[in-house]
>>> print(open('protein.txt').read())   # compact mmCIF, C-alpha atoms
# COMPACT_ATOMS: atom_id res chain seq x y z
CA MET W 1319 -23.22 -66.46 93.68
CA SER W 1320 -24.29 -62.81 93.75
CA ALA W 1321 -23.66 -60.56 96.73
CA THR W 1322 -27.32 -60.42 97.65
CA SER W 1323 -28.08 -64.11 97.54
CA LEU W 1324 -28.99 -65.65 100.88
CA ILE W 1325 -29.32 -69.27 99.92
CA ASP W 1326 -27.38 -70.98 97.20
CA ALA W 1327 -28.54 -74.53 96.59
CA ARG W 1328 -26.60 -76.53 94.01
CA ASP W 1329 -27.74 -79.82 92.59
CA VAL W 1330 -29.43 -80.81 95.85
CA GLN W 1331 -30.49 -84.42 96.06
CA ARG W 1332 -32.43 -86.21 98.72
CA TYR W 1333 -32.95 -89.90 98.16
CA TYR W 1334 -34.80 -92.21 100.51
CA LYS W 1335 -34.45 -95.93 100.50
CA SER W 1336 -37.78 -97.65 100.72
CA GLY W 1337 -37.13 -101.35 100.72
CA ALA W 1338 -35.37 -102.19 97.47
CA THR W 1339 -36.48 -99.01 95.68
CA VAL W 1340 -34.95 -95.57 95.97
CA VAL W 1341 -37.35 -92.65 96.20
CA LYS W 1342 -35.89 -89.48 94.75
CA ALA W 1343 -37.64 -86.76 96.76
CA LEU W 1344 -35.22 -84.19 95.35
CA ASP W 1345 -33.34 -84.99 92.20
CA GLY W 1346 -30.88 -82.19 91.53
CA VAL W 1347 -32.44 -78.86 92.54
CA THR W 1348 -30.36 -75.76 91.85
CA LEU W 1349 -31.81 -72.53 93.16
CA GLU W 1350 -30.53 -69.20 94.38
CA ILE W 1351 -32.69 -67.30 96.84
CA ARG W 1352 -32.07 -63.57 97.14
CA ALA W 1353 -31.97 -61.68 100.40
CA GLY W 1354 -35.28 -59.95 101.09
CA GLU W 1355 -37.42 -61.74 98.53
CA TYR W 1356 -40.71 -63.53 99.07
CA LEU W 1357 -40.42 -66.82 97.29
CA SER W 1358 -43.13 -69.43 96.97
CA LEU W 1359 -42.45 -73.07 96.26
CA MET W 1360 -45.39 -74.55 94.40
CA GLY W 1361 -46.04 -78.06 93.26
CA PRO W 1362 -48.29 -81.04 93.78
CA SER W 1363 -47.79 -83.19 96.87
CA GLY W 1364 -44.78 -85.41 96.47
CA SER W 1365 -43.04 -82.81 94.29
CA GLY W 1366 -40.32 -82.23 96.91
CA LYS W 1367 -41.45 -78.87 98.36
CA THR W 1368 -41.31 -79.92 101.97
CA THR W 1369 -38.07 -81.84 101.49
CA PHE W 1370 -36.41 -78.80 99.93
CA PHE W 1371 -37.83 -76.60 102.67
CA ASN W 1372 -36.40 -78.89 105.35
CA ILE W 1373 -32.98 -78.98 103.72
CA ILE W 1374 -32.53 -75.23 103.28
CA GLY W 1375 -33.83 -74.83 106.83
CA ALA W 1376 -31.06 -77.05 108.20
CA LEU W 1377 -33.67 -79.49 109.48
CA ASP W 1378 -32.65 -82.34 107.22
CA VAL W 1379 -29.46 -83.36 105.45
CA PRO W 1380 -29.25 -83.80 101.66
CA THR W 1381 -27.81 -87.00 100.22
CA GLY W 1382 -26.02 -85.03 97.49
CA GLY W 1383 -25.24 -81.51 96.33
CA SER W 1384 -24.55 -78.48 98.49
CA VAL W 1385 -26.47 -75.75 100.28
CA LYS W 1386 -24.88 -72.47 101.26
CA LEU W 1387 -26.56 -70.11 103.66
CA GLY W 1388 -24.70 -66.89 103.10
CA GLU W 1389 -21.07 -67.86 103.12
CA ARG W 1390 -21.52 -70.99 105.16
CA GLU W 1391 -21.82 -74.43 103.71
CA LEU W 1392 -24.49 -76.16 105.81
CA ALA W 1393 -22.72 -79.51 105.61
CA SER W 1394 -19.63 -78.00 107.26
CA LEU W 1395 -21.47 -76.96 110.43
CA SER W 1396 -21.45 -78.97 113.64
CA MET W 1397 -24.67 -79.90 115.47
CA ALA W 1398 -24.17 -77.04 117.94
CA GLU W 1399 -23.53 -74.58 115.12
CA LEU W 1400 -26.68 -75.74 113.38
CA SER W 1401 -28.61 -75.16 116.61
CA TYR W 1402 -27.33 -71.61 116.71
CA LEU W 1403 -28.19 -71.07 113.06
CA ARG W 1404 -31.75 -72.33 113.56
CA CYS W 1405 -32.16 -70.28 116.69
CA ALA W 1406 -30.73 -66.97 115.51
CA ASN W 1407 -31.13 -66.82 111.77
CA ILE W 1408 -34.10 -68.91 110.72
CA GLY W 1409 -37.76 -68.75 111.72
CA TYR W 1410 -40.06 -71.69 111.01
CA ILE W 1411 -43.78 -71.81 110.41
CA PHE W 1412 -45.47 -75.18 109.96
CA GLN W 1413 -48.80 -76.35 108.65
CA ASN W 1414 -49.65 -77.86 112.04
CA TYR W 1415 -48.40 -74.77 113.92
CA ASN W 1416 -46.12 -76.92 116.12
CA LEU W 1417 -46.46 -74.80 119.22
CA VAL W 1418 -45.05 -76.21 122.44
CA GLU W 1419 -48.30 -77.32 124.05
CA VAL W 1420 -47.19 -76.99 127.66
CA PHE W 1421 -46.24 -73.32 127.20
CA SER W 1422 -48.50 -70.27 126.89
CA ALA W 1423 -48.49 -68.18 123.70
CA LEU W 1424 -46.11 -65.74 125.37
CA ARG W 1425 -43.66 -68.41 126.45
CA ASN W 1426 -43.75 -70.03 123.02
CA VAL W 1427 -42.55 -66.74 121.61
CA THR W 1428 -39.96 -66.12 124.32
CA LEU W 1429 -38.41 -69.59 124.03
CA PRO W 1430 -36.12 -68.93 121.02
CA MET W 1431 -35.05 -65.61 122.57
CA ARG W 1432 -34.21 -67.30 125.85
CA PHE W 1433 -32.20 -69.94 123.95
CA LEU W 1434 -30.31 -67.11 122.28
CA GLY W 1435 -29.46 -65.52 125.63
CA LEU W 1436 -32.00 -62.75 126.26
CA THR W 1437 -33.09 -62.31 129.88
CA GLU W 1438 -36.63 -63.23 130.82
CA ALA W 1439 -37.68 -59.59 131.10
CA GLU W 1440 -36.20 -58.65 127.72
CA ALA W 1441 -37.77 -61.67 126.06
CA ASN W 1442 -41.18 -60.99 127.66
CA ASP W 1443 -41.19 -57.39 126.45
CA LYS W 1444 -40.26 -58.32 122.91
CA ALA W 1445 -42.68 -61.25 122.79
CA ALA W 1446 -45.53 -59.04 124.01
CA MET W 1447 -44.72 -56.57 121.26
CA LEU W 1448 -44.65 -59.30 118.59
CA LEU W 1449 -47.90 -60.84 119.81
CA LYS W 1450 -49.49 -57.40 119.70
CA ARG W 1451 -48.25 -57.01 116.15
CA VAL W 1452 -49.98 -60.22 115.09
CA GLY W 1453 -53.14 -59.16 116.93
CA LEU W 1454 -53.00 -61.50 119.91
CA ASP W 1455 -52.11 -59.22 122.80
CA HIS W 1456 -55.32 -60.24 124.58
CA ARG W 1457 -54.52 -63.98 124.41
CA MET W 1458 -50.88 -63.94 125.47
CA HIS W 1459 -51.32 -66.15 128.50
CA HIS W 1460 -53.47 -68.78 126.84
CA LEU W 1461 -52.20 -72.26 126.09
CA PRO W 1462 -52.13 -73.39 122.45
CA ASN W 1463 -55.14 -75.69 122.89
CA GLU W 1464 -57.17 -72.70 124.06
CA LEU W 1465 -56.54 -70.90 120.76
CA SER W 1466 -58.11 -71.34 117.33
CA GLY W 1467 -56.05 -72.59 114.37
CA GLY W 1468 -55.63 -69.10 112.97
CA GLN W 1469 -54.58 -67.76 116.36
CA GLN W 1470 -52.07 -70.58 116.83
CA GLN W 1471 -50.59 -69.80 113.43
CA ARG W 1472 -50.27 -66.14 114.46
CA VAL W 1473 -48.38 -67.22 117.57
CA ALA W 1474 -46.15 -69.35 115.32
CA ILE W 1475 -45.49 -66.32 113.11
CA ALA W 1476 -44.59 -64.19 116.12
CA ARG W 1477 -42.32 -66.97 117.34
CA ALA W 1478 -40.67 -67.29 113.92
CA LEU W 1479 -39.80 -63.59 114.08
CA ALA W 1480 -38.60 -63.65 117.68
CA ASN W 1481 -34.87 -63.43 117.00
CA ASP W 1482 -35.15 -61.17 113.93
CA PRO W 1483 -34.14 -63.95 111.56
CA MET W 1484 -32.76 -63.39 108.07
CA LEU W 1485 -34.95 -66.14 106.74
CA VAL W 1486 -38.47 -67.28 107.54
CA LEU W 1487 -39.53 -70.66 106.20
CA ALA W 1488 -43.23 -71.37 106.01
CA ASP W 1489 -44.34 -74.87 105.10
CA GLU W 1490 -47.99 -74.84 103.96
CA PRO W 1491 -48.80 -72.13 106.53
CA THR W 1492 -52.43 -71.91 105.41
CA GLY W 1493 -52.93 -75.63 104.84
CA ASN W 1494 -55.17 -76.20 107.86
CA LEU W 1495 -57.05 -72.90 107.84
CA ASP W 1496 -60.38 -71.77 106.42
CA THR W 1497 -60.33 -69.33 103.49
CA LYS W 1498 -60.87 -66.15 105.46
CA THR W 1499 -58.27 -66.98 108.11
CA ALA W 1500 -55.84 -68.16 105.43
CA THR W 1501 -56.12 -64.84 103.60
CA SER W 1502 -55.40 -62.91 106.78
CA ILE W 1503 -52.35 -65.10 107.48
CA VAL W 1504 -51.02 -64.56 103.93
CA GLU W 1505 -51.50 -60.82 104.29
CA LEU W 1506 -49.80 -60.77 107.66
CA LEU W 1507 -46.79 -62.68 106.34
CA SER W 1508 -46.42 -60.39 103.36
CA GLU W 1509 -46.72 -57.25 105.51
CA LEU W 1510 -44.12 -58.55 107.92
CA SER W 1511 -41.74 -59.50 105.15
CA ARG W 1512 -41.85 -55.92 103.85
CA GLU W 1513 -41.70 -54.35 107.33
CA LYS W 1514 -38.73 -56.37 108.49
CA GLY W 1515 -37.00 -56.96 105.18
CA VAL W 1516 -36.89 -60.65 105.96
CA THR W 1517 -36.57 -63.30 103.26
CA ILE W 1518 -39.59 -65.56 103.18
CA VAL W 1519 -39.66 -68.96 101.54
CA SER W 1520 -43.04 -70.58 101.59
CA ALA W 1521 -43.99 -74.04 100.38
CA THR W 1522 -47.62 -73.95 99.40
CA HIS W 1523 -50.55 -75.21 97.36
CA ASP W 1524 -52.41 -71.99 98.01
CA HIS W 1525 -52.81 -69.73 94.97
CA ARG W 1526 -53.51 -66.75 97.22
CA MET W 1527 -49.87 -66.83 98.19
CA LEU W 1528 -48.82 -66.20 94.60
CA SER W 1529 -50.06 -62.62 94.52
CA VAL W 1530 -47.70 -61.61 97.33
CA SER W 1531 -44.68 -63.52 95.97
CA ASP W 1532 -41.71 -61.96 94.19
CA ARG W 1533 -40.96 -65.27 92.52
CA VAL W 1534 -42.65 -68.61 92.30
CA VAL W 1535 -40.67 -71.79 91.85
CA TYR W 1536 -42.60 -74.76 90.52
CA LEU W 1537 -41.27 -78.14 91.55
CA ARG W 1538 -42.27 -81.41 89.99
CA ASP W 1539 -40.88 -84.87 90.72
CA GLY W 1540 -38.04 -83.45 92.75
CA ARG W 1541 -36.85 -81.00 90.08
CA VAL W 1542 -37.38 -77.34 89.31
CA GLU W 1543 -39.97 -77.22 86.55
CA ARG W 1544 -40.05 -73.46 86.01
CA ILE W 1545 -39.50 -70.19 87.82
CA LEU W 1546 -41.80 -67.21 87.36
CA ASN W 1547 -41.02 -63.63 88.36
CA ARG W 1548 -43.63 -61.27 89.76
CA ASP W 1549 -44.40 -59.61 86.39
CA GLU W 1550 -44.84 -62.94 84.59
CA LEU W 1551 -46.88 -64.14 87.52
CA LYS W 1552 -49.65 -61.59 87.11
CA ILE W 1553 -50.22 -62.76 83.59
CA SER W 1554 -50.28 -66.43 84.48
CA VAL W 1555 -52.48 -65.95 87.57
CA GLY W 1556 -54.80 -63.84 85.41
CA SER W 1557 -55.05 -66.59 82.88
CA ILE W 1558 -55.94 -69.11 85.57
CA GLY W 1559 -58.73 -66.86 86.78
CA SER W 1560 -60.18 -66.17 83.33
CA MET Z 1249 -31.14 -57.34 110.78
CA SER Z 1250 -28.19 -55.99 112.71
CA ARG Z 1251 -26.70 -59.37 113.53
CA ASN Z 1252 -24.06 -60.78 111.25
CA LEU Z 1253 -25.36 -63.99 109.71
CA TRP Z 1254 -21.95 -65.43 109.10
CA GLU Z 1255 -20.90 -65.20 112.69
CA ILE Z 1256 -21.84 -68.33 114.54
CA LYS Z 1257 -21.74 -68.27 118.30
CA ARG Z 1258 -22.21 -70.89 120.93
CA LEU Z 1259 -25.56 -71.22 122.60
CA ARG Z 1260 -25.30 -71.68 126.33
CA LEU Z 1261 -27.33 -74.08 128.37
CA LYS Z 1262 -29.66 -72.29 130.80
CA PRO Z 1263 -30.43 -74.28 133.96
CA GLU Z 1264 -33.50 -72.15 134.76
CA LEU Z 1265 -34.96 -72.93 131.32
CA ILE Z 1266 -34.40 -76.64 131.87
CA TRP Z 1267 -36.27 -76.41 135.19
CA SER Z 1268 -39.11 -74.45 133.70
CA MET Z 1269 -39.51 -76.88 130.80
CA ALA Z 1270 -39.53 -79.88 133.15
CA LEU Z 1271 -41.97 -78.32 135.64
CA SER Z 1272 -44.39 -77.04 132.99
CA SER Z 1273 -44.42 -80.43 131.38
CA LEU Z 1274 -45.18 -82.19 134.68
CA ARG Z 1275 -47.95 -79.72 135.52
CA LEU Z 1276 -49.63 -79.61 132.13
CA ARG Z 1277 -49.50 -83.35 131.59
CA MET Z 1278 -51.02 -84.08 134.98
CA GLY Z 1279 -52.75 -87.29 133.88
CA ARG Z 1280 -49.54 -88.79 132.60
CA THR Z 1281 -47.65 -87.49 135.65
CA LEU Z 1282 -50.03 -89.19 138.07
CA LEU Z 1283 -49.98 -92.45 136.12
CA THR Z 1284 -46.18 -92.51 136.16
CA LEU Z 1285 -46.15 -91.67 139.87
CA LEU Z 1286 -48.48 -94.57 140.55
CA THR Z 1287 -46.32 -96.99 138.55
CA VAL Z 1288 -43.06 -95.89 140.16
CA SER Z 1289 -44.41 -95.81 143.68
CA ALA Z 1290 -46.03 -99.24 143.31
CA CYS Z 1291 -42.72 -100.62 142.08
CA CYS Z 1292 -40.78 -99.10 145.01
CA ALA Z 1293 -43.39 -100.13 147.58
CA PHE Z 1294 -43.30 -103.67 146.29
CA LEU Z 1295 -39.51 -103.82 146.34
CA LEU Z 1296 -39.27 -102.47 149.89
CA PHE Z 1297 -41.98 -104.82 151.05
CA LEU Z 1298 -40.09 -107.79 149.60
CA LEU Z 1299 -36.85 -106.68 151.21
CA THR Z 1300 -38.43 -106.33 154.67
CA ALA Z 1301 -41.04 -109.11 154.56
CA PRO Z 1302 -40.54 -112.10 156.83
CA ILE Z 1303 -39.76 -115.18 154.78
CA SER Z 1304 -40.13 -118.72 156.10
CA ASP Z 1305 -37.03 -120.86 156.59
CA ASP Z 1306 -38.40 -123.81 154.62
CA PRO Z 1307 -36.20 -124.21 151.46
CA ALA Z 1308 -39.19 -125.16 149.26
CA ASP Z 1309 -41.09 -122.07 150.42
CA ARG Z 1310 -38.05 -119.90 149.83
CA GLN Z 1311 -37.66 -121.20 146.29
CA MET Z 1312 -41.29 -120.48 145.49
CA TRP Z 1313 -40.97 -117.00 146.98
CA GLY Z 1314 -37.82 -116.33 145.00
CA LEU Z 1315 -39.53 -117.21 141.75
CA MET Z 1316 -42.58 -115.09 142.48
CA ILE Z 1317 -40.45 -112.18 143.59
CA THR Z 1318 -38.31 -112.28 140.45
CA LEU Z 1319 -41.32 -112.44 138.14
CA SER Z 1320 -43.24 -109.68 139.92
CA LEU Z 1321 -40.20 -107.44 140.01
CA LEU Z 1322 -39.68 -107.95 136.28
CA VAL Z 1323 -43.28 -107.00 135.62
CA SER Z 1324 -43.07 -103.82 137.64
CA VAL Z 1325 -39.69 -102.83 136.17
CA ALA Z 1326 -41.07 -103.37 132.66
CA GLY Z 1327 -44.12 -101.29 133.63
CA VAL Z 1328 -42.00 -98.33 134.71
CA LEU Z 1329 -39.72 -98.55 131.67
CA ASN Z 1330 -42.70 -98.76 129.33
CA THR Z 1331 -44.39 -95.76 130.94
CA MET Z 1332 -41.22 -93.69 130.56
CA LEU Z 1333 -40.69 -94.81 126.98
CA MET Z 1334 -44.26 -93.86 126.06
CA SER Z 1335 -43.99 -90.50 127.78
CA VAL Z 1336 -40.90 -89.60 125.73
CA THR Z 1337 -41.95 -91.02 122.36
CA GLN Z 1338 -45.26 -89.16 122.64
CA ARG Z 1339 -43.38 -85.92 122.55
CA TYR Z 1340 -41.00 -86.49 119.67
CA ARG Z 1341 -42.77 -83.76 117.74
CA GLU Z 1342 -42.31 -81.33 120.59
CA ILE Z 1343 -38.63 -82.28 120.78
CA GLY Z 1344 -38.27 -81.68 117.03
CA THR Z 1345 -40.01 -78.33 117.40
CA ILE Z 1346 -37.84 -77.02 120.20
CA LYS Z 1347 -34.78 -78.15 118.25
CA CYS Z 1348 -36.01 -75.92 115.39
CA LEU Z 1349 -36.12 -73.06 117.89
CA GLY Z 1350 -32.51 -73.60 118.86
CA ALA Z 1351 -32.60 -76.15 121.68
CA LEU Z 1352 -29.29 -77.90 122.07
CA ASP Z 1353 -29.26 -81.68 122.22
CA SER Z 1354 -28.15 -81.41 125.83
CA PHE Z 1355 -31.13 -79.19 126.64
CA VAL Z 1356 -33.53 -81.80 125.30
CA LEU Z 1357 -31.82 -84.60 127.17
CA LEU Z 1358 -31.43 -82.75 130.47
CA SER Z 1359 -34.97 -81.39 130.59
CA VAL Z 1360 -36.44 -84.85 130.01
CA MET Z 1361 -34.06 -86.39 132.56
CA LEU Z 1362 -34.84 -83.74 135.16
CA GLU Z 1363 -38.55 -84.23 134.67
CA SER Z 1364 -38.19 -87.99 135.06
CA ALA Z 1365 -35.88 -87.67 138.05
CA LEU Z 1366 -38.42 -85.44 139.84
CA LEU Z 1367 -41.11 -87.99 139.08
CA GLY Z 1368 -38.87 -90.86 140.13
CA LEU Z 1369 -37.95 -89.20 143.40
CA THR Z 1370 -41.54 -88.36 144.33
CA GLY Z 1371 -42.70 -91.81 143.28
CA ALA Z 1372 -39.94 -93.45 145.30
CA LEU Z 1373 -40.82 -91.46 148.44
CA LEU Z 1374 -44.50 -92.36 148.14
CA GLY Z 1375 -43.55 -95.96 147.42
CA ILE Z 1376 -41.33 -96.16 150.50
CA VAL Z 1377 -44.14 -94.93 152.72
CA GLY Z 1378 -46.47 -97.46 151.10
CA GLY Z 1379 -43.92 -100.26 151.39
CA LEU Z 1380 -43.32 -99.54 155.08
CA ILE Z 1381 -47.04 -99.60 155.83
CA LEU Z 1382 -47.37 -102.95 154.04
CA SER Z 1383 -44.36 -104.42 155.82
CA PHE Z 1384 -45.61 -103.19 159.16
CA GLY Z 1385 -49.03 -104.75 158.60
CA MET Z 1386 -47.49 -108.02 157.47
CA GLY Z 1387 -45.08 -107.98 160.42
CA LEU Z 1388 -47.93 -107.40 162.84
CA LEU Z 1389 -49.72 -110.48 161.51
CA ASP Z 1390 -46.56 -112.55 161.48
CA ALA Z 1391 -44.65 -111.51 164.57
CA GLY Z 1392 -47.33 -109.74 166.64
CA ALA Z 1393 -45.76 -107.38 169.15
CA GLY Z 1394 -42.32 -108.47 167.91
CA VAL Z 1395 -42.74 -106.02 165.08
CA PHE Z 1396 -42.02 -103.21 167.53
CA ALA Z 1397 -38.58 -104.60 168.37
CA ALA Z 1398 -35.63 -102.84 166.79
CA ALA Z 1399 -34.13 -106.17 165.67
CA TYR Z 1400 -37.13 -106.84 163.43
CA TRP Z 1401 -36.21 -103.82 161.33
CA SER Z 1402 -32.48 -104.45 161.05
CA GLY Z 1403 -30.92 -103.09 157.89
CA LEU Z 1404 -34.00 -100.94 157.16
CA GLY Z 1405 -31.87 -97.93 156.17
CA TRP Z 1406 -30.13 -99.62 153.27
CA LYS Z 1407 -33.34 -101.35 152.19
CA ILE Z 1408 -35.00 -97.96 151.89
CA LEU Z 1409 -32.01 -96.61 150.01
CA VAL Z 1410 -32.00 -99.54 147.58
CA SER Z 1411 -35.73 -99.11 146.86
CA ALA Z 1412 -35.38 -95.36 146.34
CA PHE Z 1413 -32.36 -95.82 144.11
CA VAL Z 1414 -34.09 -98.44 141.97
CA GLY Z 1415 -37.15 -96.17 141.51
CA LEU Z 1416 -35.07 -93.13 140.65
CA ALA Z 1417 -32.70 -94.99 138.34
CA LEU Z 1418 -35.48 -96.78 136.47
CA THR Z 1419 -37.41 -93.60 135.72
CA THR Z 1420 -34.42 -91.46 134.84
CA LEU Z 1421 -32.61 -94.01 132.70
CA GLY Z 1422 -35.87 -95.29 131.22
CA ALA Z 1423 -36.50 -91.78 129.90
CA ALA Z 1424 -32.87 -90.93 129.11
CA PHE Z 1425 -32.45 -93.54 126.39
CA PRO Z 1426 -35.38 -92.54 124.18
CA ALA Z 1427 -34.67 -88.86 124.93
CA ALA Z 1428 -31.05 -89.23 123.81
CA VAL Z 1429 -32.20 -90.89 120.61
CA ALA Z 1430 -34.70 -88.08 119.94
CA ALA Z 1431 -32.21 -85.34 120.84
CA ARG Z 1432 -29.70 -86.60 118.31
CA MET Z 1433 -32.17 -86.95 115.44
CA PRO Z 1434 -32.35 -84.24 112.79
CA PRO Z 1435 -35.35 -82.09 113.86
CA VAL Z 1436 -37.44 -83.11 110.89
CA GLU Z 1437 -37.09 -86.78 111.74
CA ALA Z 1438 -38.06 -86.14 115.36
CA MET Z 1439 -41.13 -84.22 114.21
CA ARG Z 1440 -42.13 -87.11 112.03
CA GLY Z 1441 -41.45 -89.58 114.84
CA GLU Z 1442 -44.82 -89.78 116.56
CA LYS Z 1443 -46.89 -89.94 113.40
>>> encode(input="protein.txt", output="structure tokens")
Amino acid sequence: MSATSLIDARDVQRYYKSGATVVKALDGVTLEIRAGEYLSLMGPSGSGKTTFFNIIGALDVPTGGSVKLGERELASLSMAELSYLRCANIGYIFQNYNLVEVFSALRNVTLPMRFLGLTEAEANDKAAMLLKRVGLDHRMHHLPNELSGGQQQRVAIARALANDPMLVLADEPTGNLDTKTATSIVELLSELSREKGVTIVSATHDHRMLSVSDRVVYLRDGRVERILNRDELKISVGSIGS
Amino acid sequence: MSRNLWEIKRLRLKPELIWSMALSSLRLRMGRTLLTLLTVSACCAFLLFLLTAPISDDPADRQMWGLMITLSLLVSVAGVLNTMLMSVTQRYREIGTIKCLGALDSFVLLSVMLESALLGLTGALLGIVGGLILSFGMGLLDAGAGVFAAAYWSGLGWKILVSAFVGLALTTLGAAFPAAVAARMPPVEAMRGEK
């Protein structure tokens, strides 16, 4: 494992039992993700994108193989340690936004900071700054159901960045958005990744997300099919367009 | 980026956050809150009424009463437990989400229990008032002016306590079990839970 790698996944398997049959959602994925890169996971539905996303995000447990986040083996961490890891080091963005519906935009963003130990005043200041950065300073005190899909996703992005994580995981972040809004969300994510030097791993169907990626990993049937770097990507995206 | 990734600290439980989560949830889910209050208070009112109601001395009557009381109590207990179960399972996704943000299992459990305890307590108080009014009305019909005698109300204190305790325990424990299950799930499973 190189000094700059953030995630080191080795032969990761995730099998589900469904009656008598075993579904192999992930069937031996080995992948190293470098610190600071913008990596897209592509693949048809059922290819294992979301499962892989959940496992490297410490949201689900693999049935085989190992995942290292930095120097720490995820399987060796206790529940409380995993909570800390999720709170302090990982930001999550979901297709369905997953905002806490009883909290305003501002309080959604302050929640992870408050869990980490910031005072209310510190958290409010930082959350206001983040919401301003994503262009929602005028809607801070609105509840999620008073915001549009694009606005909710912006709140989710601000919330994912609340504790200055090393890693932001975005699962189909543009999946529920119209084209124009989706483009603005993709741009925002890519700007933020450069600004903050944060590693972004995004599971997506959306070809717009390829142009901002440093690498694209194609999954199929729970395995890595191929990996393209940015320079190879331009050629292949070009050929799709032509 | 200044924090060291490899250093893992302990998150501490913040009582004020638990309160704010519980209160926001009660306020924003007003419909559900009122429905639960109604169920709990009806259960407590009914229990207190049964405990204070005059029962005839005829053994056949008493047997019939006993059967009806047991059945009705079962129905109202099941009603409260079902309401609490629904209210927790409906928010599995929210529980999964806040676990992604760093909520400890104990935070999830305590905030749901506090919310239910507040509901249970309010419901029990309303139910006790309701139960006393019912008992008083019934007593007036049954014993006339005798209802004003202190002897008629003997043991009222512990009857009130029993009713309040049953209301509070039903709501809190009824919510604690599903909440404990959800709190211990891996976040992704909890988020999938309500689908």
>>> atom_distance(input="protein.txt", atom1="atom CA of Ser1289 of chain Z", atom2="atom CA of Leu1418 of chain Z")
11.5 Å
>>> residues_around(input="protein.txt", residues="Pro1462 of chain W", least_positions_apart="6", cutoff="8 Å", atoms="all atoms listed in the file", output="MDAnalysis selection string")
chainID W and resid 1417:1419 1421:1423 1470
>>> write_last_selection(input="protein.txt", atoms="C-alpha atoms", output="mmCIF file, in the coordinates of the input")
data_model
loop_
_atom_site.group_PDB
_atom_site.id
_atom_site.type_symbol
_atom_site.label_atom_id
_atom_site.label_comp_id
_atom_site.auth_asym_id
_atom_site.auth_seq_id
_atom_site.Cartn_x
_atom_site.Cartn_y
_atom_site.Cartn_z
ATOM 1 C CA LEU W 1417 -46.460 -74.800 119.220
ATOM 2 C CA VAL W 1418 -45.050 -76.210 122.440
ATOM 3 C CA GLU W 1419 -48.300 -77.320 124.050
ATOM 4 C CA PHE W 1421 -46.240 -73.320 127.200
ATOM 5 C CA SER W 1422 -48.500 -70.270 126.890
ATOM 6 C CA ALA W 1423 -48.490 -68.180 123.700
ATOM 7 C CA GLN W 1470 -52.070 -70.580 116.830
#
>>> residues_around(input="protein.txt", residues="segment 1321-1336 of chain W", least_positions_apart="6", cutoff="6 Å", atoms="all atoms listed in the file", output="number ranges by chain")
W: 1342-1353, 1380-1388
>>> write_last_selection(input="protein.txt", atoms="C-alpha atoms", output="compact mmCIF listing (two decimals), in the coordinates of the input")
# COMPACT_ATOMS: atom_id res chain seq x y z
CA LYS W 1342 -35.89 -89.48 94.75
CA ALA W 1343 -37.64 -86.76 96.76
CA LEU W 1344 -35.22 -84.19 95.35
CA ASP W 1345 -33.34 -84.99 92.20
CA GLY W 1346 -30.88 -82.19 91.53
CA VAL W 1347 -32.44 -78.86 92.54
CA THR W 1348 -30.36 -75.76 91.85
CA LEU W 1349 -31.81 -72.53 93.16
CA GLU W 1350 -30.53 -69.20 94.38
CA ILE W 1351 -32.69 -67.30 96.84
CA ARG W 1352 -32.07 -63.57 97.14
CA ALA W 1353 -31.97 -61.68 100.40
CA PRO W 1380 -29.25 -83.80 101.66
CA THR W 1381 -27.81 -87.00 100.22
CA GLY W 1382 -26.02 -85.03 97.49
CA GLY W 1383 -25.24 -81.51 96.33
CA SER W 1384 -24.55 -78.48 98.49
CA VAL W 1385 -26.47 -75.75 100.28
CA LYS W 1386 -24.88 -72.47 101.26
CA LEU W 1387 -26.56 -70.11 103.66
CA GLY W 1388 -24.70 -66.89 103.10
>>> closest_residue(input="protein.txt", among="W:Ala1398, W:Val1473, W:Leu1546, W:Leu1487", to="His1459 of chain W", atoms="all atoms listed in the file")
W:Val1473
>>> closest_residue(input="protein.txt", among="Z:Thr1300, Z:Ser1335, Z:Thr1420, Z:Ser1402", to="Gly1279 of chain Z", atoms="all atoms listed in the file")
Z:Ser1335
>>> interface_residues(input="protein.txt", of="chain W", to="chain Z", cutoff="9 Å", atoms="all atoms listed in the file", output="ChimeraX atom specification")
/W:1372,1375-1379,1387-1390,1397-1410,1416-1421,1429-1435,1477-1478,1482-1484,1514-1516
>>> closest_residue(input="protein.txt", among="Z:Leu1357, Z:Met1334, Z:Ile1376, Z:Ala1417", to="Thr1284 of chain Z", atoms="only C-alpha atoms")
Z:Met1334
>>> atom_distance(input="protein.txt", atom1="atom CA of Val1356 of chain Z", atom2="atom CA of Asn1442 of chain W")
22.3 Å
>>> atom_distance(input="protein.txt", atom1="atom CA of Val1328 of chain Z", atom2="atom CA of Leu1367 of chain Z")
11.3 Å
>>> closest_residue(input="protein.txt", among="Z:Ser1324, Z:Gln1311, Z:Ser1383, Z:Thr1281", to="Trp1401 of chain Z", atoms="all atoms listed in the file")
Z:Ser1383
>>> residues_around(input="protein.txt", residues="Ser1520 of chain W", least_positions_apart="4", cutoff="8 Å", atoms="all atoms listed in the file", output="ChimeraX atom specification")
/W:1356-1359,1487-1491
>>> residues_around(input="protein.txt", residues="Lys1407 of chain Z", least_positions_apart="4", cutoff="7 Å", atoms="all atoms listed in the file", output="PyMOL selection string")
chain Z and resi 1296+1299+1403+1411
>>> closest_residue(input="protein.txt", among="Z:Leu1409, Z:Leu1282, Z:Leu1358, Z:Met1316", to="Glu1264 of chain Z", atoms="only C-alpha atoms")
Z:Leu1358
>>> residues_near_point(input="protein.txt", point="(-37.0, -110.6, 158.2)", cutoff="12 Å", atoms="only C-alpha atoms", output="PyMOL selection string")
chain Z and resi 1296-1305+1383-1384+1386-1387+1390-1391+1394-1395+1397-1404+1407
